[in-house]
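Asks: Supplied in structure tokens, the structure appears directly below.
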Amino acid sequence: MEQIELNLGVPIDESKLDPNPMVNLNGYGPEGKRCKHCKHLFAWKYAGTYYKCGQRQNTNGAATYQRVNWKAYSKFIER
């Protein structure tokens, strides 16, 4: 199937393309650092291990899971 690309004339904000919502809100942190190095990351254990960021609002659901391999954001604090 051929993919059709639409050009709506709307500029794309490159900063909004990162999968880490904290990067989209606050900007990138130190180069080469990941969320797994951050002091704000903690594990939530319930039928498995799920990671959350202490700087994000916790919805007690999958919407606020934080991936450990995401790039660090500007409020990064080294462990």
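Lettering and numbering for the structure tokens are positional, with chains as A, B, ... in the shown order, residues counted from 1 in each chain, and ligands counted from 1 in the shown order.
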Would you please give, as a ChimeraX atom specification, all residues of chain A that DSSP assigns to alpha helix (DSSP H) based on the backbone?
Replies: /A:21-26
Asks: Would you list the contacts of Ala63 in chain A as JSON, numbers by chain, taking every protein, DNA or RNA residue within 12 Å and counting only C-alpha atoms, but skipping same-chain residues closer than 2 positions in sequence?
Replies: {"A": [20, 21, 50, 51, 52, 53, 56, 57, 58, 59, 60, 61, 65, 66, 67]}
Asks: Excluding same-chain residues fewer than 2 positions from range 34-48 of chain A, what lies within 7 Å of it counting only C-alpha atoms, as a VMD selection string?
Replies: chain A and resid 32 50 to 55 68 to 72 76 to 79
